[in-house]
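Inspection log for the structure reproduced underneath, given as structure tokens.
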Protein chains: 2
Amino acid sequence: MKELLDTMQKKQKKKVINNNPIGIFDSGFGGLTVMSAIHKGLPCENLIYFGDTAHIPYGAKSQNIVIKFSTEIASFLVKQQVKLIVIACNTATAFALPFLQKKFNVPIIGVIKPGAKAAVFASKNKKIGVIGTEGTINSKSYTKEINKFAKIKLHQQACPLFVPIVEEGLINSNFTNEIVQKYIQPLLNKKIDTLVLGCTHYTLLKEVIKKNIKEGITLIDSTQIISQEVKNILEEKKLLASKSKPNLKFYVSDNPLKFKKIGSRFFGKKITNIKKIELR
Amino acid sequence: MKELLDTMQKKQKKKVINNNPIGIFDSGFGGLTVMSAIHKGLPCENLIYFGDTAHIPYGAKSQNIVIKFSTEIASFLVKQQVKLIVIACNTATAFALPFLQKKFNVPIIGVIKPGAKAAVFASKNKKIGVIGTEGTINSKSYTKEINKFAKIKLHQQACPLFVPIVEEGLINSNFTNEIVQKYIQPLLNKKIDTLVLGCTHYTLLKEVIKKNIKEGITLIDSTQIISQEVKNILEEKKLLASKSKPNLKFYVSDNPLKFKKIGSRFFGKKITNIKKIELR
């Protein structure tokens with residue numbers, strides 16, 4: 001009887017383990033902050049990252065072209081047998097998420113919905129600000145997502161200089177503080193009590209942004225929230241892995257050396273195992 | 001006899017007229033400053049511009065990928081029967097010019113040689129500074145070109161924030177002045193007497209840069225010089241055109257509406273006749 005129970009338990013355990021990797025992609029480096037959070041929250045998961053450095057940045061490009069790039073990357077990840085795809089880029093989420101969800105069978109999540117949900121939950125005065133790239137802001141994706149939970153008028157601001165400032169490592173320069181002020185002030189004037197960092201790069205600017213907002217304002221960094229979201233889905237679908245030493249693989253479409261150098265800053269530790277591939 | 005002379009003159013005139021267009025390309029908008037200068041200097045020429053807005057910017061990408069993009073664009077321009085190609089982008093010139101010159105039969109010129117030549121001619125103390133994108137600076141192309149004329153040690157500085165500042169129209173912000181100072185000061189410390197604007201975007205920052213250098217320093221803007229270079233080549237090869245109302249055509253690989261809006265600022269007047277095409 002004990003043996004039978006053991007075998008059943010083993011089978012059951014086997015059933016809920018899936019060591020296929022999670023696929024994560026972004027236009028370049030920003031998504032590495034998401035990958036880092038997922039790796040911390042789910043340390044037994046194999047992860048594959050794709051940074052589309054040949055087309056970086058997505059932020060100011062059109063919807064059509066971002067859908068094209070995202071589809072090529074998702075196809076590549078599906079071929080690597082990923083069990084879940086995380087679009088770790090707000091612009092690609094804003095432009096391509098519904099399209100990719102229709103096209104592929106694997107579950108696909110983006111960074112906008114978790115951030116929007118958390119913002120609605122956090123805001124007391126129902127005045128929420130969002131900062132992001134031109135593409136994300138113009139897509140009005142945060143407005144659409146937030147309006148699914150509550151009728152709230154969003155105050156949005158595109159901050160096109162933030163990405164190059166972060167990529168150049170100029171976070172602590174005097175002018176960075178001034179640029180942050182310039183972008184944030186119009187939102188503060190609207191008396192927001194919650195501010196969503198609508199771009200994965202902005203995680204690295206969090207301290208400068210904190211200095212420039214009032215104490216009562218809640219900062220929503222979806223990079224942190226997404227890891228919990230991934231965990232919930234994998235648990236629900238019984239897809240959690242159990243690797244004691246998981247594989248972390250990195251693919252880029254251009255310049256692996258630069259990716260190694262800059263990417264490590266975003267990932268929080270040294271990156272190895274980077275391959276350059278051409279998607280077409 | 002007079003009739004015979006007239007016919008001969010007409011024939012001769014006909015022989016030296018070639019109304020095929022000049023092809024000009026860049027990763028996006030910057031090259032429009034070059035096109036504008038060529039249009040002013042050679043107002044009878046048909047011009048075709050290609051802005052690779054799907055891959056903008058080239059500045060921080062690798063040599064291989066910039067060669068790939070540039071080859072696709074040059075092939076397209078050759079199909080449009082251009083009589084000369086101007087690479088109106090310092091990064092693409094630095095990375096792809098010799099490769100394209102070998103691959104295509106049509107004459108191809110870049111923006112680096114004319115600027116380098118002018119700098120050597122202008123400098124008295126033989127201390128020359130060059131500012132440009134990461135790609136242009138790391139390629140050391142200005143050093144190579146300048147050393148063809150004279151053994152001069154170049155002082156170089158990559159300025160990665162200049163392109164987004166120009167594209168965002170933030171030229172007159174306070175922090176722009178501060179950022180310009182930050183990038184220029186190390187060159188001033190080297191006592192340069194000549195400063196080359198090694199990126200076609202920087203033409204729009206010329207006034208801010210002028211404010212931040214000493215009076216005796218000569219600014220070299222190759223955008224202005226290139227038009228004379230094109231004229232010399234067309235004259236020499238007897239390829240000058242004679243259109244009283246030349247055609248100006250614009251092609252982009254993404255976002256024609258944005259190109260129209262931002263591009264007009266670079267071109268100095270309204271842009272129409274923009275087509276989006278995919279090169280592969």
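Order determines the names: the first chain of the structure tokens is A, the second B, and so forth; residues in each chain are numbered 1 upward, and ligands are numbered 1 upward as they are shown.
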
Practice problem: Show which residues sit within 10 Å of segment 18-22 of chain B, as number ranges by chain. Count only C-alpha atoms, and ignore same-chain residues fewer than 5 positions away. | Solution: B: 35, 38, 44-49, 77-78, 80-86, 230, 234, 238-243, 246-249

For the residues selected in the previous step, produce a file with N, CA, C and O atoms as a short mmCIF file (atom, residue, chain, number, x, y, z; two decimals), in the first residue's frame.
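Dumped everything to out.cif:
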data_model
loop_
_atom_site.label_atom_id
_atom_site.label_comp_id
_atom_site.auth_asym_id
_atom_site.auth_seq_id
_atom_site.Cartn_x
_atom_site.Cartn_y
_atom_site.Cartn_z
N MET B 35 20.88 66.47 -47.26
CA MET B 35 20.05 66.60 -48.46
C MET B 35 19.68 68.06 -48.69
O MET B 35 19.70 68.55 -49.82
N ILE B 38 22.61 69.82 -50.16
CA ILE B 38 22.81 69.44 -51.58
C ILE B 38 21.76 70.11 -52.45
O ILE B 38 22.05 70.62 -53.54
N CYS B 44 19.27 71.99 -59.38
CA CYS B 44 18.69 71.37 -60.59
C CYS B 44 18.72 69.86 -60.53
O CYS B 44 18.45 69.18 -61.53
N GLU B 45 19.08 69.28 -59.39
CA GLU B 45 19.23 67.83 -59.30
C GLU B 45 17.99 67.15 -58.71
O GLU B 45 17.45 67.60 -57.70
N ASN B 46 17.58 66.04 -59.33
CA ASN B 46 16.58 65.17 -58.70
C ASN B 46 17.24 64.44 -57.53
O ASN B 46 18.35 63.94 -57.67
N LEU B 47 16.53 64.36 -56.42
CA LEU B 47 17.12 63.72 -55.24
C LEU B 47 16.18 62.64 -54.68
O LEU B 47 14.96 62.83 -54.64
N ILE B 48 16.76 61.51 -54.31
CA ILE B 48 16.00 60.45 -53.62
C ILE B 48 16.64 60.24 -52.25
O ILE B 48 17.85 60.02 -52.16
N TYR B 49 15.82 60.30 -51.22
CA TYR B 49 16.32 60.11 -49.86
C TYR B 49 15.77 58.83 -49.29
O TYR B 49 14.58 58.51 -49.45
N LEU B 77 18.61 51.94 -53.99
CA LEU B 77 18.90 53.20 -54.69
C LEU B 77 19.44 52.93 -56.10
O LEU B 77 19.07 53.64 -57.05
N VAL B 78 20.27 51.91 -56.23
CA VAL B 78 20.83 51.57 -57.56
C VAL B 78 19.68 51.18 -58.49
O VAL B 78 19.66 51.55 -59.67
N GLN B 80 16.82 52.40 -58.45
CA GLN B 80 16.17 53.66 -58.82
C GLN B 80 17.04 54.46 -59.81
O GLN B 80 16.78 55.61 -60.09
N GLN B 81 18.12 53.82 -60.29
CA GLN B 81 19.03 54.39 -61.28
C GLN B 81 19.70 55.69 -60.83
O GLN B 81 19.87 56.63 -61.62
N VAL B 82 20.11 55.74 -59.58
CA VAL B 82 20.83 56.92 -59.11
C VAL B 82 22.20 56.99 -59.79
O VAL B 82 22.79 55.97 -60.13
N LYS B 83 22.68 58.22 -59.98
CA LYS B 83 23.99 58.38 -60.64
C LYS B 83 25.11 58.54 -59.62
O LYS B 83 26.29 58.47 -59.97
N LEU B 84 24.74 58.75 -58.37
CA LEU B 84 25.72 58.94 -57.29
C LEU B 84 25.00 58.66 -55.97
O LEU B 84 23.81 58.98 -55.84
N ILE B 85 25.70 58.04 -55.03
CA ILE B 85 25.11 57.82 -53.71
C ILE B 85 25.90 58.58 -52.65
O ILE B 85 27.13 58.51 -52.63
N VAL B 86 25.18 59.31 -51.81
CA VAL B 86 25.80 59.98 -50.68
C VAL B 86 25.36 59.27 -49.40
O VAL B 86 24.16 59.20 -49.11
N VAL B 230 29.91 66.85 -53.85
CA VAL B 230 29.01 66.22 -54.82
C VAL B 230 29.11 66.96 -56.15
O VAL B 230 29.21 66.35 -57.22
N LEU B 234 30.20 65.38 -59.83
CA LEU B 234 29.27 65.39 -60.96
C LEU B 234 29.85 66.18 -62.13
O LEU B 234 29.69 65.79 -63.29
N LYS B 238 30.90 64.56 -65.63
CA LYS B 238 29.90 65.09 -66.57
C LYS B 238 28.52 64.48 -66.31
O LYS B 238 27.89 63.90 -67.19
N LEU B 239 28.10 64.60 -65.08
CA LEU B 239 26.81 64.01 -64.69
C LEU B 239 25.82 65.04 -64.14
O LEU B 239 24.79 64.67 -63.58
N LEU B 240 26.14 66.33 -64.31
CA LEU B 240 25.25 67.35 -63.75
C LEU B 240 23.87 67.34 -64.42
O LEU B 240 23.76 67.06 -65.62
N ALA B 241 22.85 67.66 -63.69
CA ALA B 241 21.48 67.68 -64.23
C ALA B 241 21.04 69.11 -64.53
O ALA B 241 21.74 70.07 -64.20
N SER B 242 19.88 69.22 -65.14
CA SER B 242 19.42 70.56 -65.53
C SER B 242 17.92 70.70 -65.32
O SER B 242 17.23 71.30 -66.12
N LYS B 243 17.41 70.10 -64.26
CA LYS B 243 15.97 70.17 -64.02
C LYS B 243 15.60 71.53 -63.41
O LYS B 243 16.18 71.93 -62.39
N PRO B 246 13.17 70.11 -60.01
CA PRO B 246 13.62 68.75 -59.70
C PRO B 246 12.64 68.02 -58.77
O PRO B 246 11.90 68.64 -58.03
N ASN B 247 12.65 66.68 -58.89
CA ASN B 247 11.85 65.84 -58.00
C ASN B 247 12.61 65.53 -56.72
O ASN B 247 13.77 65.14 -56.77
N LEU B 248 11.94 65.69 -55.59
CA LEU B 248 12.52 65.27 -54.32
C LEU B 248 11.66 64.15 -53.79
O LEU B 248 10.47 64.34 -53.52
N LYS B 249 12.22 62.95 -53.71
CA LYS B 249 11.45 61.80 -53.23
C LYS B 249 12.03 61.31 -51.91
O LYS B 249 13.24 61.28 -51.73
#

Quiz item: Which chain A residues are at most 10 Å from chain B (counting only C-alpha atoms), as a ChimeraX atom specification?
Solution: /A:53-58,60-66,159-165,167-168,170,173-179,182,253-258,280

Self-check item: Near-Ser75 of chain A list (10 Å; only C-alpha atoms; drop same-chain fewer than 3 positions) as a PyMOL selection string
Solution: chain A and resi 70-72+78-81+100+103-104+279

For the residues in that selection, give me all heavy atoms as a PDB file, in the first residue's frame.
ATOM      1  N   SER A  70       8.332  41.474 -33.058  1.00  0.00           N
ATOM      2  CA  SER A  70       7.894  40.651 -31.919  1.00  0.00           C
ATOM      3  C   SER A  70       7.467  39.259 -32.371  1.00  0.00           C
ATOM      4  O   SER A  70       7.721  38.269 -31.678  1.00  0.00           O
ATOM      5  CB  SER A  70       6.717  41.325 -31.197  1.00  0.00           C
ATOM      6  OG  SER A  70       7.084  42.609 -30.763  1.00  0.00           O
ATOM      7  N   THR A  71       6.811  39.178 -33.539  1.00  0.00           N
ATOM      8  CA  THR A  71       6.365  37.881 -34.053  1.00  0.00           C
ATOM      9  C   THR A  71       7.573  36.997 -34.366  1.00  0.00           C
ATOM     10  O   THR A  71       7.588  35.803 -34.056  1.00  0.00           O
ATOM     11  CB  THR A  71       5.517  38.072 -35.331  1.00  0.00           C
ATOM     12  OG1 THR A  71       4.489  39.020 -35.033  1.00  0.00           O
ATOM     13  CG2 THR A  71       4.890  36.780 -35.798  1.00  0.00           C
ATOM     14  N   GLU A  72       8.595  37.596 -34.980  1.00  0.00           N
ATOM     15  CA  GLU A  72       9.800  36.827 -35.296  1.00  0.00           C
ATOM     16  C   GLU A  72      10.465  36.282 -34.023  1.00  0.00           C
ATOM     17  O   GLU A  72      10.899  35.139 -33.979  1.00  0.00           O
ATOM     18  CB  GLU A  72      10.806  37.710 -36.059  1.00  0.00           C
ATOM     19  CG  GLU A  72      10.378  37.984 -37.491  1.00  0.00           C
ATOM     20  CD  GLU A  72      11.126  39.147 -38.134  1.00  0.00           C
ATOM     21  OE1 GLU A  72      11.919  39.832 -37.441  1.00  0.00           O
ATOM     22  OE2 GLU A  72      10.907  39.389 -39.339  1.00  0.00           O
ATOM     23  N   VAL A  78       9.259  30.001 -29.349  1.00  0.00           N
ATOM     24  CA  VAL A  78       8.395  28.816 -29.403  1.00  0.00           C
ATOM     25  C   VAL A  78       9.204  27.614 -29.900  1.00  0.00           C
ATOM     26  O   VAL A  78       9.072  26.498 -29.391  1.00  0.00           O
ATOM     27  CB  VAL A  78       7.151  29.093 -30.277  1.00  0.00           C
ATOM     28  CG1 VAL A  78       6.415  27.804 -30.625  1.00  0.00           C
ATOM     29  CG2 VAL A  78       6.211  30.070 -29.553  1.00  0.00           C
ATOM     30  N   LYS A  79      10.096  27.854 -30.874  1.00  0.00           N
ATOM     31  CA  LYS A  79      10.968  26.770 -31.370  1.00  0.00           C
ATOM     32  C   LYS A  79      11.904  26.252 -30.265  1.00  0.00           C
ATOM     33  O   LYS A  79      12.352  25.123 -30.301  1.00  0.00           O
ATOM     34  CB  LYS A  79      11.799  27.274 -32.554  1.00  0.00           C
ATOM     35  CG  LYS A  79      11.080  27.107 -33.880  1.00  0.00           C
ATOM     36  CD  LYS A  79      11.973  27.523 -35.045  1.00  0.00           C
ATOM     37  CE  LYS A  79      11.111  28.065 -36.185  1.00  0.00           C
ATOM     38  NZ  LYS A  79      11.726  29.151 -36.899  1.00  0.00           N
ATOM     39  N   GLN A  80      12.204  27.100 -29.298  1.00  0.00           N
ATOM     40  CA  GLN A  80      13.040  26.671 -28.157  1.00  0.00           C
ATOM     41  C   GLN A  80      12.194  25.979 -27.088  1.00  0.00           C
ATOM     42  O   GLN A  80      12.650  25.731 -25.981  1.00  0.00           O
ATOM     43  CB  GLN A  80      13.751  27.872 -27.506  1.00  0.00           C
ATOM     44  CG  GLN A  80      14.476  28.815 -28.444  1.00  0.00           C
ATOM     45  CD  GLN A  80      15.469  28.108 -29.328  1.00  0.00           C
ATOM     46  OE1 GLN A  80      16.329  27.400 -28.835  1.00  0.00           O
ATOM     47  NE2 GLN A  80      15.327  28.268 -30.640  1.00  0.00           N
ATOM     48  N   GLN A  81      10.927  25.727 -27.428  1.00  0.00           N
ATOM     49  CA  GLN A  81       9.990  25.009 -26.550  1.00  0.00           C
ATOM     50  C   GLN A  81       9.739  25.694 -25.214  1.00  0.00           C
ATOM     51  O   GLN A  81       9.644  25.032 -24.169  1.00  0.00           O
ATOM     52  CB  GLN A  81      10.488  23.578 -26.340  1.00  0.00           C
ATOM     53  CG  GLN A  81      10.608  22.848 -27.675  1.00  0.00           C
ATOM     54  CD  GLN A  81      10.896  21.380 -27.481  1.00  0.00           C
ATOM     55  OE1 GLN A  81      11.971  21.000 -27.029  1.00  0.00           O
ATOM     56  NE2 GLN A  81       9.908  20.551 -27.816  1.00  0.00           N
ATOM     57  N   LEU A 100       0.108  38.560 -30.662  1.00  0.00           N
ATOM     58  CA  LEU A 100       0.898  37.359 -30.371  1.00  0.00           C
ATOM     59  C   LEU A 100       0.054  36.317 -29.634  1.00  0.00           C
ATOM     60  O   LEU A 100       0.187  35.110 -29.887  1.00  0.00           O
ATOM     61  CB  LEU A 100       2.134  37.704 -29.527  1.00  0.00           C
ATOM     62  CG  LEU A 100       3.170  38.646 -30.155  1.00  0.00           C
ATOM     63  CD1 LEU A 100       4.371  38.801 -29.230  1.00  0.00           C
ATOM     64  CD2 LEU A 100       3.642  38.144 -31.512  1.00  0.00           C
ATOM     65  N   LYS A 103      -1.854  34.479 -32.174  1.00  0.00           N
ATOM     66  CA  LYS A 103      -1.048  33.709 -33.130  1.00  0.00           C
ATOM     67  C   LYS A 103      -0.408  32.457 -32.521  1.00  0.00           C
ATOM     68  O   LYS A 103      -0.243  31.454 -33.200  1.00  0.00           O
ATOM     69  CB  LYS A 103       0.042  34.616 -33.700  1.00  0.00           C
ATOM     70  CG  LYS A 103       0.734  34.039 -34.933  1.00  0.00           C
ATOM     71  CD  LYS A 103       1.705  35.029 -35.546  1.00  0.00           C
ATOM     72  CE  LYS A 103       2.594  34.353 -36.558  1.00  0.00           C
ATOM     73  NZ  LYS A 103       1.920  33.994 -37.806  1.00  0.00           N
ATOM     74  N   PHE A 104      -0.036  32.509 -31.248  1.00  0.00           N
ATOM     75  CA  PHE A 104       0.712  31.382 -30.650  1.00  0.00           C
ATOM     76  C   PHE A 104      -0.103  30.684 -29.563  1.00  0.00           C
ATOM     77  O   PHE A 104      -0.921  31.313 -28.891  1.00  0.00           O
ATOM     78  CB  PHE A 104       2.040  31.884 -30.068  1.00  0.00           C
ATOM     79  CG  PHE A 104       2.959  32.481 -31.100  1.00  0.00           C
ATOM     80  CD1 PHE A 104       3.001  33.863 -31.314  1.00  0.00           C
ATOM     81  CD2 PHE A 104       3.767  31.666 -31.887  1.00  0.00           C
ATOM     82  CE1 PHE A 104       3.838  34.413 -32.275  1.00  0.00           C
ATOM     83  CE2 PHE A 104       4.613  32.213 -32.849  1.00  0.00           C
ATOM     84  CZ  PHE A 104       4.647  33.591 -33.039  1.00  0.00           C
ATOM     85  N   LEU A 279      17.296  36.510 -37.172  1.00  0.00           N
ATOM     86  CA  LEU A 279      15.962  35.891 -37.163  1.00  0.00           C
ATOM     87  C   LEU A 279      15.355  35.743 -38.555  1.00  0.00           C
ATOM     88  O   LEU A 279      14.317  35.147 -38.718  1.00  0.00           O
ATOM     89  CB  LEU A 279      15.011  36.676 -36.257  1.00  0.00           C
ATOM     90  CG  LEU A 279      15.277  36.533 -34.762  1.00  0.00           C
ATOM     91  CD1 LEU A 279      14.172  37.186 -33.968  1.00  0.00           C
ATOM     92  CD2 LEU A 279      15.400  35.073 -34.347  1.00  0.00           C
TER      93      LEU A 279
END

Quiz item: Got a sec to tell me which of segment 52-243 of chain A DSSP assigns to strand (DSSP E), as a PyMOL selection string?
Solution: chain A and resi 84-87+108-109+128-132+154-158+194-197+218-221

Exercise. Identify, on the basis of only C-alpha atoms, every residue whose closest approach to Ala118 of chain B does not exceed 9 Å; exclude the query and any residue fewer than 4 positions from it along the same chain; express the result as a ChimeraX atom specification.
Key: /B:113-114,122-123,196,220,222,225

DSSP on the backbone: which residues in segment 177-252 of chain B end up as helix (DSSP H, G or I)? Give the answer as a PDB file with N, CA and C atoms, in the first residue's frame.
ATOM      1  N   ASN B 177      22.340  72.545 -22.685  1.00  0.00           N
ATOM      2  CA  ASN B 177      23.571  73.310 -22.544  1.00  0.00           C
ATOM      3  C   ASN B 177      24.548  72.573 -21.615  1.00  0.00           C
ATOM      4  N   GLU B 178      24.002  72.044 -20.531  1.00  0.00           N
ATOM      5  CA  GLU B 178      24.830  71.329 -19.555  1.00  0.00           C
ATOM      6  C   GLU B 178      25.425  70.046 -20.159  1.00  0.00           C
ATOM      7  N   ILE B 179      24.586  69.344 -20.928  1.00  0.00           N
ATOM      8  CA  ILE B 179      25.049  68.095 -21.550  1.00  0.00           C
ATOM      9  C   ILE B 179      26.127  68.405 -22.595  1.00  0.00           C
ATOM     10  N   VAL B 180      25.911  69.479 -23.366  1.00  0.00           N
ATOM     11  CA  VAL B 180      26.912  69.890 -24.359  1.00  0.00           C
ATOM     12  C   VAL B 180      28.242  70.196 -23.656  1.00  0.00           C
ATOM     13  N   GLN B 181      28.158  70.957 -22.565  1.00  0.00           N
ATOM     14  CA  GLN B 181      29.371  71.274 -21.789  1.00  0.00           C
ATOM     15  C   GLN B 181      30.102  70.003 -21.345  1.00  0.00           C
ATOM     16  N   LYS B 182      29.303  69.081 -20.801  1.00  0.00           N
ATOM     17  CA  LYS B 182      29.889  67.832 -20.292  1.00  0.00           C
ATOM     18  C   LYS B 182      30.691  67.103 -21.382  1.00  0.00           C
ATOM     19  N   TYR B 183      30.119  67.045 -22.586  1.00  0.00           N
ATOM     20  CA  TYR B 183      30.792  66.325 -23.661  1.00  0.00           C
ATOM     21  C   TYR B 183      31.973  67.113 -24.257  1.00  0.00           C
ATOM     22  N   ILE B 184      31.834  68.446 -24.317  1.00  0.00           N
ATOM     23  CA  ILE B 184      32.836  69.271 -25.024  1.00  0.00           C
ATOM     24  C   ILE B 184      34.054  69.578 -24.150  1.00  0.00           C
ATOM     25  N   GLN B 185      33.824  69.726 -22.829  1.00  0.00           N
ATOM     26  CA  GLN B 185      34.902  70.187 -21.944  1.00  0.00           C
ATOM     27  C   GLN B 185      36.214  69.386 -22.062  1.00  0.00           C
ATOM     28  N   PRO B 186      36.140  68.038 -22.079  1.00  0.00           N
ATOM     29  CA  PRO B 186      37.401  67.280 -22.190  1.00  0.00           C
ATOM     30  C   PRO B 186      38.191  67.644 -23.459  1.00  0.00           C
ATOM     31  N   LEU B 187      37.477  68.002 -24.531  1.00  0.00           N
ATOM     32  CA  LEU B 187      38.158  68.387 -25.781  1.00  0.00           C
ATOM     33  C   LEU B 187      38.785  69.773 -25.638  1.00  0.00           C
ATOM     34  N   LEU B 188      38.060  70.685 -24.967  1.00  0.00           N
ATOM     35  CA  LEU B 188      38.600  72.034 -24.747  1.00  0.00           C
ATOM     36  C   LEU B 188      39.859  71.954 -23.881  1.00  0.00           C
ATOM     37  N   ASN B 189      39.843  71.043 -22.912  1.00  0.00           N
ATOM     38  CA  ASN B 189      41.023  70.863 -22.052  1.00  0.00           C
ATOM     39  C   ASN B 189      42.264  70.469 -22.851  1.00  0.00           C
ATOM     40  N   THR B 200      25.481  63.936 -38.554  1.00  0.00           N
ATOM     41  CA  THR B 200      24.638  64.880 -39.294  1.00  0.00           C
ATOM     42  C   THR B 200      23.548  65.512 -38.414  1.00  0.00           C
ATOM     43  N   HIS B 201      23.229  64.851 -37.291  1.00  0.00           N
ATOM     44  CA  HIS B 201      22.257  65.446 -36.360  1.00  0.00           C
ATOM     45  C   HIS B 201      22.797  66.720 -35.716  1.00  0.00           C
ATOM     46  N   TYR B 202      24.115  66.753 -35.523  1.00  0.00           N
ATOM     47  CA  TYR B 202      24.708  67.797 -34.707  1.00  0.00           C
ATOM     48  C   TYR B 202      24.613  69.176 -35.356  1.00  0.00           C
ATOM     49  N   THR B 203      24.370  69.203 -36.661  1.00  0.00           N
ATOM     50  CA  THR B 203      24.176  70.474 -37.367  1.00  0.00           C
ATOM     51  C   THR B 203      23.116  71.313 -36.645  1.00  0.00           C
ATOM     52  N   LEU B 204      22.091  70.628 -36.117  1.00  0.00           N
ATOM     53  CA  LEU B 204      21.018  71.359 -35.435  1.00  0.00           C
ATOM     54  C   LEU B 204      21.406  71.822 -34.027  1.00  0.00           C
ATOM     55  N   LEU B 205      22.519  71.314 -33.531  1.00  0.00           N
ATOM     56  CA  LEU B 205      23.000  71.733 -32.203  1.00  0.00           C
ATOM     57  C   LEU B 205      24.124  72.765 -32.323  1.00  0.00           C
ATOM     58  N   LYS B 206      24.402  73.178 -33.551  1.00  0.00           N
ATOM     59  CA  LYS B 206      25.573  74.028 -33.813  1.00  0.00           C
ATOM     60  C   LYS B 206      25.604  75.284 -32.950  1.00  0.00           C
ATOM     61  N   GLU B 207      24.442  75.926 -32.794  1.00  0.00           N
ATOM     62  CA  GLU B 207      24.431  77.186 -32.036  1.00  0.00           C
ATOM     63  C   GLU B 207      24.768  76.951 -30.559  1.00  0.00           C
ATOM     64  N   VAL B 208      24.218  75.875 -29.974  1.00  0.00           N
ATOM     65  CA  VAL B 208      24.517  75.563 -28.564  1.00  0.00           C
ATOM     66  C   VAL B 208      25.996  75.207 -28.423  1.00  0.00           C
ATOM     67  N   ILE B 209      26.508  74.470 -29.382  1.00  0.00           N
ATOM     68  CA  ILE B 209      27.931  74.080 -29.318  1.00  0.00           C
ATOM     69  C   ILE B 209      28.809  75.330 -29.427  1.00  0.00           C
ATOM     70  N   LYS B 210      28.448  76.226 -30.354  1.00  0.00           N
ATOM     71  CA  LYS B 210      29.204  77.478 -30.527  1.00  0.00           C
ATOM     72  C   LYS B 210      29.309  78.254 -29.220  1.00  0.00           C
ATOM     73  N   LYS B 211      28.183  78.298 -28.478  1.00  0.00           N
ATOM     74  CA  LYS B 211      28.165  79.019 -27.199  1.00  0.00           C
ATOM     75  C   LYS B 211      29.145  78.414 -26.203  1.00  0.00           C
ATOM     76  N   SER B 222      30.421  69.057 -41.780  1.00  0.00           N
ATOM     77  CA  SER B 222      30.614  68.451 -43.109  1.00  0.00           C
ATOM     78  C   SER B 222      29.338  68.489 -43.949  1.00  0.00           C
ATOM     79  N   THR B 223      28.196  68.644 -43.290  1.00  0.00           N
ATOM     80  CA  THR B 223      26.936  68.790 -44.011  1.00  0.00           C
ATOM     81  C   THR B 223      27.059  69.885 -45.092  1.00  0.00           C
ATOM     82  N   GLN B 224      27.744  70.953 -44.743  1.00  0.00           N
ATOM     83  CA  GLN B 224      27.876  72.069 -45.672  1.00  0.00           C
ATOM     84  C   GLN B 224      28.913  71.771 -46.761  1.00  0.00           C
ATOM     85  N   ILE B 225      29.935  71.031 -46.398  1.00  0.00           N
ATOM     86  CA  ILE B 225      31.053  70.779 -47.323  1.00  0.00           C
ATOM     87  C   ILE B 225      30.668  69.750 -48.382  1.00  0.00           C
ATOM     88  N   ILE B 226      29.815  68.809 -47.969  1.00  0.00           N
ATOM     89  CA  ILE B 226      29.487  67.659 -48.825  1.00  0.00           C
ATOM     90  C   ILE B 226      28.830  68.090 -50.146  1.00  0.00           C
ATOM     91  N   SER B 227      28.060  69.151 -50.082  1.00  0.00           N
ATOM     92  CA  SER B 227      27.372  69.625 -51.282  1.00  0.00           C
ATOM     93  C   SER B 227      28.391  70.030 -52.355  1.00  0.00           C
ATOM     94  N   GLN B 228      29.477  70.677 -51.946  1.00  0.00           N
ATOM     95  CA  GLN B 228      30.533  71.064 -52.886  1.00  0.00           C
ATOM     96  C   GLN B 228      31.233  69.822 -53.434  1.00  0.00           C
ATOM     97  N   GLU B 229      31.424  68.840 -52.572  1.00  0.00           N
ATOM     98  CA  GLU B 229      32.062  67.577 -52.980  1.00  0.00           C
ATOM     99  C   GLU B 229      31.224  66.864 -54.057  1.00  0.00           C
ATOM    100  N   VAL B 230      29.908  66.850 -53.846  1.00  0.00           N
ATOM    101  CA  VAL B 230      29.007  66.221 -54.821  1.00  0.00           C
ATOM    102  C   VAL B 230      29.105  66.965 -56.155  1.00  0.00           C
ATOM    103  N   LYS B 231      29.105  68.287 -56.080  1.00  0.00           N
ATOM    104  CA  LYS B 231      29.183  69.112 -57.298  1.00  0.00           C
ATOM    105  C   LYS B 231      30.478  68.813 -58.063  1.00  0.00           C
ATOM    106  N   ASN B 232      31.592  68.746 -57.348  1.00  0.00           N
ATOM    107  CA  ASN B 232      32.883  68.460 -57.988  1.00  0.00           C
ATOM    108  C   ASN B 232      32.847  67.135 -58.744  1.00  0.00           C
ATOM    109  N   ILE B 233      32.301  66.102 -58.082  1.00  0.00           N
ATOM    110  CA  ILE B 233      32.272  64.774 -58.708  1.00  0.00           C
ATOM    111  C   ILE B 233      31.381  64.771 -59.947  1.00  0.00           C
ATOM    112  N   LEU B 234      30.201  65.385 -59.825  1.00  0.00           N
ATOM    113  CA  LEU B 234      29.271  65.389 -60.960  1.00  0.00           C
ATOM    114  C   LEU B 234      29.853  66.178 -62.131  1.00  0.00           C
ATOM    115  N   GLU B 235      30.532  67.261 -61.823  1.00  0.00           N
ATOM    116  CA  GLU B 235      31.169  68.063 -62.895  1.00  0.00           C
ATOM    117  C   GLU B 235      32.251  67.244 -63.586  1.00  0.00           C
ATOM    118  N   GLU B 236      33.074  66.637 -62.762  1.00  0.00           N
ATOM    119  CA  GLU B 236      34.202  65.858 -63.284  1.00  0.00           C
ATOM    120  C   GLU B 236      33.716  64.707 -64.150  1.00  0.00           C
TER     121      GLU B 236
END

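Going from atom CA of Lys269 of chain B over to atom CA of Val252 of chain B, you cover 17.6 Å.
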